[in-house]
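Text of query04.txt, listed as compact mmCIF, C-alpha atoms:
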```txt
# COMPACT_ATOMS: atom_id res chain seq x y z
CA MET A 1 -57.91 31.14 3.18
CA LYS A 2 -57.16 27.46 3.60
CA LYS A 3 -55.37 26.66 6.82
CA GLU A 4 -51.96 25.00 6.46
CA LYS A 5 -51.72 21.40 7.56
CA THR A 6 -49.81 20.76 10.75
CA LYS A 7 -46.60 18.91 9.97
CA TYR A 8 -44.25 16.98 12.20
CA LYS A 9 -40.83 15.99 10.90
CA LEU A 10 -38.16 13.59 12.04
CA LYS A 11 -34.82 12.99 10.34
CA ILE A 12 -32.97 10.14 11.93
CA PRO A 13 -30.03 7.84 11.11
CA SER A 14 -31.08 4.66 9.35
CA LYS A 15 -30.30 2.19 12.14
CA THR A 16 -32.43 -0.48 13.80
CA ASP A 17 -31.77 0.86 17.27
CA ASN A 18 -33.67 4.01 16.27
CA LEU A 19 -36.88 2.07 15.57
CA GLU A 20 -37.90 2.45 19.19
CA LEU A 21 -37.55 6.24 18.98
CA ILE A 22 -39.46 6.37 15.70
CA ARG A 23 -42.32 4.31 17.19
CA SER A 24 -42.57 6.55 20.19
CA PHE A 25 -42.52 9.73 18.02
CA VAL A 26 -45.33 8.39 15.84
CA SER A 27 -47.48 6.94 18.60
CA ASN A 28 -47.29 10.13 20.66
CA ILE A 29 -48.59 12.15 17.71
CA ALA A 30 -51.29 9.60 16.90
CA VAL A 31 -52.59 9.71 20.48
CA LYS A 32 -52.43 13.51 20.54
CA VAL A 33 -54.61 13.82 17.45
CA GLY A 34 -57.23 11.48 18.81
CA PHE A 35 -56.56 7.94 17.62
CA ASP A 36 -57.49 5.26 20.13
CA ALA A 37 -54.98 2.73 21.46
CA ASP A 38 -55.88 0.15 18.84
CA GLU A 39 -55.47 2.47 15.84
CA THR A 40 -52.32 3.99 17.35
CA TYR A 41 -50.79 0.52 17.58
CA LYS A 42 -51.56 -0.11 13.92
CA ILE A 43 -49.96 3.17 12.84
CA GLU A 44 -46.91 2.54 15.03
CA LEU A 45 -46.42 -0.95 13.61
CA ALA A 46 -46.88 0.17 9.98
CA VAL A 47 -44.27 2.91 10.42
CA ASP A 48 -41.90 0.49 12.16
CA GLU A 49 -42.22 -1.90 9.21
CA ALA A 50 -41.55 0.81 6.63
CA CYS A 51 -38.52 2.13 8.52
CA ALA A 52 -37.15 -1.37 9.17
CA ASN A 53 -37.34 -1.93 5.41
CA VAL A 54 -35.30 1.22 4.85
CA VAL A 55 -32.60 0.06 7.28
CA LYS A 56 -32.57 -3.45 5.85
CA HIS A 57 -32.89 -2.84 2.14
CA ALA A 58 -32.39 0.79 1.15
CA TYR A 59 -28.74 1.33 1.88
CA GLU A 60 -25.52 -0.63 1.63
CA GLN A 61 -24.74 -1.90 5.12
CA LYS A 62 -21.19 -0.51 5.04
CA HIS A 63 -22.45 3.07 4.97
CA THR A 64 -23.67 4.31 8.30
CA ASP A 65 -24.42 7.96 7.56
CA HIS A 66 -27.78 7.40 5.86
CA GLN A 67 -31.02 8.90 7.04
CA ILE A 68 -34.68 8.10 7.23
CA ASP A 69 -36.98 11.07 6.67
CA LEU A 70 -40.33 10.93 8.34
CA VAL A 71 -43.04 13.53 7.77
CA ILE A 72 -46.41 13.35 9.49
CA GLU A 73 -49.12 15.59 8.08
CA LEU A 74 -52.19 16.20 10.11
CA ASP A 75 -55.36 16.97 8.19
CA VAL A 76 -58.90 17.42 9.53
CA ASP A 77 -59.92 13.85 8.86
CA LYS A 78 -56.67 11.94 8.50
CA LEU A 79 -53.04 11.42 9.35
CA VAL A 80 -50.65 11.08 6.43
CA ILE A 81 -47.20 9.66 7.06
CA ILE A 82 -44.46 9.89 4.45
CA ILE A 83 -41.28 7.89 4.92
CA SER A 84 -38.47 8.57 2.47
CA ASP A 85 -34.95 7.38 1.88
CA GLN A 86 -32.29 8.10 -0.71
CA GLY A 87 -31.35 4.47 -1.09
CA ARG A 88 -31.25 1.98 -3.89
CA GLY A 89 -35.01 1.78 -4.49
CA PHE A 90 -36.90 -1.30 -5.61
CA ASP A 91 -39.30 -2.56 -8.23
CA VAL A 92 -42.64 -1.71 -6.62
CA LYS A 93 -44.73 -3.79 -9.03
CA LYS A 94 -42.63 -6.88 -8.45
CA ILE A 95 -42.93 -6.66 -4.67
CA LEU A 96 -46.63 -5.80 -4.58
CA SER A 97 -47.60 -8.58 -6.99
CA LYS A 98 -46.27 -11.22 -4.60
CA ASP A 99 -49.03 -13.24 -3.09
CA MET A 100 -48.67 -13.65 0.65
CA LYS A 101 -49.93 -17.23 0.53
CA GLU A 102 -47.16 -18.09 -1.91
CA TYR A 103 -44.60 -16.61 0.44
CA LEU A 104 -45.94 -18.54 3.37
CA ALA A 105 -46.27 -21.80 1.48
CA GLU A 106 -42.61 -21.54 0.58
CA MET A 107 -41.82 -20.59 4.20
CA ARG A 108 -39.90 -17.63 2.95
CA VAL A 109 -38.81 -14.70 5.00
CA GLY A 110 -39.35 -11.27 3.49
CA GLY A 111 -42.21 -9.32 2.06
CA LEU A 112 -44.01 -9.65 5.39
CA GLY A 113 -43.51 -5.99 6.27
CA ILE A 114 -45.09 -4.58 3.12
CA HIS A 115 -48.04 -6.94 3.48
CA LEU A 116 -48.54 -5.76 7.07
CA ILE A 117 -48.35 -2.08 6.13
CA LYS A 118 -51.09 -2.60 3.55
CA ALA A 119 -53.23 -4.48 6.05
CA LEU A 120 -52.80 -1.95 8.85
CA MET A 121 -53.26 1.37 7.04
CA ASP A 122 -56.21 2.74 5.02
CA ASP A 123 -54.22 3.90 1.97
CA VAL A 124 -50.65 3.02 1.07
CA GLU A 125 -48.64 4.28 -1.86
CA PHE A 126 -45.10 3.25 -2.78
CA ILE A 127 -43.06 5.43 -5.10
CA SER A 128 -39.61 4.07 -5.80
CA LYS A 129 -36.99 5.23 -8.24
CA PRO A 130 -34.50 2.39 -8.61
CA GLY A 131 -31.03 3.57 -7.73
CA ALA A 132 -32.24 6.87 -6.29
CA SER A 133 -35.00 6.93 -3.68
CA THR A 134 -38.10 5.40 -2.18
CA GLN A 135 -41.12 7.04 -0.63
CA VAL A 136 -43.89 5.27 1.24
CA LYS A 137 -46.99 7.35 1.85
CA MET A 138 -49.53 5.89 4.24
CA THR A 139 -52.81 7.31 5.41
CA LYS A 140 -55.03 6.54 8.38
CA TYR A 141 -58.45 8.17 8.63
CA LEU A 142 -59.86 9.38 11.90
CA MET A 143 -63.06 7.41 12.01
CA LYS A 144 -65.33 7.02 15.00
CA ASN A 145 -68.43 4.82 14.73
CA GLY A 146 -68.21 4.97 10.97
CA LYS A 147 -68.11 8.76 10.94
CA VAL A 148 -65.18 11.04 10.39
CA GLU A 149 -64.52 12.95 13.56
CA VAL A 150 -63.05 16.40 13.12
CA VAL A 151 -59.68 16.70 14.79
CA LYS A 152 -59.65 19.06 17.73
CA LYS A 153 -57.40 22.03 17.22
CA ASN A 154 -55.21 23.10 20.06
CA GLU A 155 -55.71 26.78 19.47
CA MET B 1 -35.45 2.06 27.09
CA GLU B 2 -37.46 -0.68 25.46
CA SER B 3 -35.73 -4.01 25.67
CA PHE B 4 -36.05 -7.65 24.79
CA GLU B 5 -35.13 -10.68 26.84
CA VAL B 6 -35.26 -14.36 26.22
CA THR B 7 -34.84 -17.07 28.82
CA ARG B 8 -35.02 -20.79 28.37
CA LYS B 9 -36.27 -23.73 30.43
CA GLU B 10 -36.10 -27.41 29.65
CA GLN B 11 -39.20 -29.42 30.41
CA GLY B 12 -39.03 -33.08 29.46
CA ASN B 13 -38.13 -33.19 25.79
CA VAL B 14 -39.34 -29.64 25.14
CA MET B 15 -37.32 -26.44 25.36
CA ILE B 16 -39.44 -23.50 26.43
CA LEU B 17 -38.35 -19.99 25.45
CA TYR B 18 -39.89 -17.15 27.44
CA ILE B 19 -39.74 -13.95 25.46
CA LYS B 20 -40.22 -10.58 27.08
CA GLY B 21 -40.46 -6.97 25.92
CA TYR B 22 -40.16 -5.62 22.40
CA LEU B 23 -39.34 -7.84 19.44
CA ASP B 24 -38.49 -5.77 16.37
CA ALA B 25 -35.83 -5.61 13.65
CA HIS B 26 -33.32 -4.47 16.27
CA THR B 27 -33.93 -7.22 18.81
CA ALA B 28 -34.87 -10.09 16.43
CA PRO B 29 -31.20 -11.20 16.11
CA MET B 30 -31.25 -12.06 19.83
CA LEU B 31 -34.11 -14.50 19.30
CA GLU B 32 -32.44 -15.81 16.17
CA LYS B 33 -29.27 -16.54 18.13
CA GLU B 34 -31.21 -18.36 20.81
CA LEU B 35 -33.07 -20.54 18.29
CA GLN B 36 -29.83 -21.23 16.42
CA GLY B 37 -28.34 -22.37 19.74
CA LEU B 38 -31.19 -24.85 20.25
CA VAL B 39 -30.84 -26.20 16.71
CA ASP B 40 -27.09 -26.57 17.21
CA GLU B 41 -27.83 -28.61 20.34
CA LYS B 42 -30.28 -30.68 18.26
CA LYS B 43 -33.19 -29.60 20.44
CA TYR B 44 -36.01 -29.51 17.95
CA ASN B 45 -39.10 -29.44 20.20
CA ILE B 46 -39.46 -25.77 20.95
CA LEU B 47 -42.25 -23.90 22.68
CA VAL B 48 -42.18 -20.11 22.69
CA ASN B 49 -44.17 -18.50 25.48
CA PHE B 50 -45.26 -14.95 24.57
CA ASN B 51 -46.78 -14.07 27.92
CA GLU B 52 -44.51 -11.09 28.61
CA LEU B 53 -44.06 -9.92 25.03
CA ILE B 54 -45.40 -6.41 24.57
CA TYR B 55 -44.65 -5.74 20.91
CA ILE B 56 -43.78 -7.66 17.76
CA SER B 57 -43.07 -6.60 14.19
CA SER B 58 -42.65 -8.80 11.13
CA ALA B 59 -38.92 -9.08 11.83
CA GLY B 60 -39.88 -11.18 14.86
CA LEU B 61 -42.20 -13.39 12.85
CA GLY B 62 -39.52 -13.75 10.21
CA VAL B 63 -37.24 -15.40 12.77
CA PHE B 64 -39.70 -18.30 13.18
CA MET B 65 -40.01 -18.58 9.41
CA GLY B 66 -36.26 -18.90 9.15
CA PHE B 67 -36.11 -21.98 11.38
CA ILE B 68 -39.37 -23.84 10.98
CA GLU B 69 -38.47 -25.85 7.90
CA ASN B 70 -35.23 -27.19 9.31
CA ILE B 71 -36.86 -27.98 12.65
CA ARG B 72 -39.78 -29.84 11.08
CA ASN B 73 -37.40 -31.75 8.82
CA ASN B 74 -35.83 -32.97 12.04
CA LYS B 75 -39.22 -34.14 13.35
CA GLY B 76 -39.54 -31.23 15.75
CA ASP B 77 -41.76 -28.18 15.85
CA ILE B 78 -41.98 -24.61 17.07
CA LYS B 79 -45.23 -24.08 18.94
CA LEU B 80 -46.36 -20.72 20.27
CA SER B 81 -48.42 -19.91 23.36
CA ASN B 82 -49.78 -17.22 25.69
CA MET B 83 -50.06 -14.39 23.14
CA ASN B 84 -52.07 -11.30 24.00
CA SER B 85 -54.66 -10.23 21.43
CA LYS B 86 -52.50 -7.44 19.95
CA ILE B 87 -49.63 -9.81 19.24
CA TYR B 88 -51.96 -12.54 17.95
CA ARG B 89 -53.48 -10.12 15.47
CA VAL B 90 -50.11 -9.55 13.82
CA PHE B 91 -49.68 -13.31 13.39
CA ASP B 92 -53.23 -13.55 12.11
CA LEU B 93 -52.81 -10.74 9.56
CA LEU B 94 -49.86 -12.58 8.08
CA GLY B 95 -51.63 -15.94 7.92
CA PHE B 96 -49.46 -17.65 10.51
CA PRO B 97 -52.23 -19.55 12.35
CA THR B 98 -52.44 -21.93 9.38
CA LEU B 99 -48.73 -22.69 9.63
CA TYR B 100 -48.06 -22.79 13.36
CA ASP B 101 -49.77 -24.26 16.40
CA ILE B 102 -50.71 -21.22 18.46
CA LEU B 103 -52.12 -22.24 21.84
CA GLU B 104 -53.68 -20.23 24.62
CA GLU B 105 -51.71 -21.82 27.42
CA GLU B 106 -48.26 -23.31 27.84
CA GLN B 107 -49.64 -26.58 29.25
CA GLU B 108 -51.83 -27.09 26.20
CA ALA B 109 -48.84 -26.55 23.93
CA LEU B 110 -46.71 -28.99 25.95
CA LYS B 111 -49.44 -31.63 25.59
CA LYS B 112 -49.40 -31.14 21.84
CA PHE B 113 -45.78 -32.27 21.78
CA GLU B 114 -46.84 -35.55 23.39
CA SER B 115 -49.44 -36.33 20.76
```
For this file, produce the structure as structure tokens.
Amino acid sequence: MKKEKTKYKLKIPSKTDNLELIRSFVSNIAVKVGFDADETYKIELAVDEACANVVKHAYEQKHTDHQIDLVIELDVDKLVIIISDQGRGFDVKKILSKDMKEYLAEMRVGGLGIHLIKALMDDVEFISKPGASTQVKMTKYLMKNGKVEVVKKNE
Amino acid sequence: MESFEVTRKEQGNVMILYIKGYLDAHTAPMLEKELQGLVDEKKYNILVNFNELIYISSAGLGVFMGFIENIRNNKGDIKLSNMNSKIYRVFDLLGFPTLYDILEEEQEALKKFES
């Protein structure tokens, strides 16, 4: 029988002062499963960017009771992180088609976070339903010297 | 508790900002306020020393983006120095080295303001 994936979950109010807590939650798990300091930093930053986007864009500022849902799934060869909100959603195609050089040439703020997430993680998938929800699924593979290293089980 | 601090020092016609700690979407408004203060005082030659900065996210980089146009229009600049390799990589990933002078040392950056 296939073994169930280990899952870690965090549900936390959508506020910038929780970003620190979110980073420490994610980096502790990344270290525990065997990522080195460099890869852990990338994961931590990518998650920070996704959660900061939720705080900044997903919800109307006047509401303070909104949540960020974070699920970390640990598989034998990878870490999958799913960040969801029940906010206003966005047009994924429109955001992803933006060229970073265009942004920079116009000296515009914004879009930097999504570009970073894509650069830092191995796979990134955005699923957004305008007016309802957004989910960002990002994956980082456990690679050592070009080979997948099986995650050590603590049992 | 992770924190962020910014202190300033005037050296000749350059204002040096020393930033310390964690610069993310929560703490970026503090840096924004400081830069706005300098612009309000018409101090447009700004050097930001990253020596004690441990962490930066794009919210921090966005702050520089928000001011650079106005500052350059006023014949000033924001130059950056003393970044560790982790912080530099974030700037590099977002293509900032083509837009900003990023120097290894504060003295080098100060000299650039003279030229």
* Asked: Quick one: residues within 10 Å of A:Val92, all atoms listed in the file counted, chain neighbours fewer than 5 positions away excluded, as number ranges by chain?
  -> A: 97, 125-130, 134
* To do: State, in Å with one decimal place, the distance from atom CA of A:Thr40 to atom CA of A:Tyr59.
  => 28.3 Å
* Asked: So how far away is atom CA of A:Leu74 from atom CA of A:Thr6, in Å?
  ->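 Taking atom CA of A:Thr6 and atom CA of A:Leu74, their separation equals 5.2 Å.
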* Asked: From the set A:Ile82, A:Leu120, A:Val26, A:Leu112, which residue has the shortest atom-to-atom contact distance to A:Met138, counting only C-alpha atoms?
  ->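 Among the listed residues, A:Ile82 lies closest to A:Met138.
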* List the neighbours of stretch 74-77 of chain B out to 9 Å using all atoms listed in the file; skip same-chain residues closer than 3 positions along the sequence, and give me the result as a list in words. => Lys42, Lys43, Tyr44, Asn45, Ile46, Leu47, Ile68, Glu69, Asn70, Ile71, Tyr100, Asp101 and Phe113 of chain B
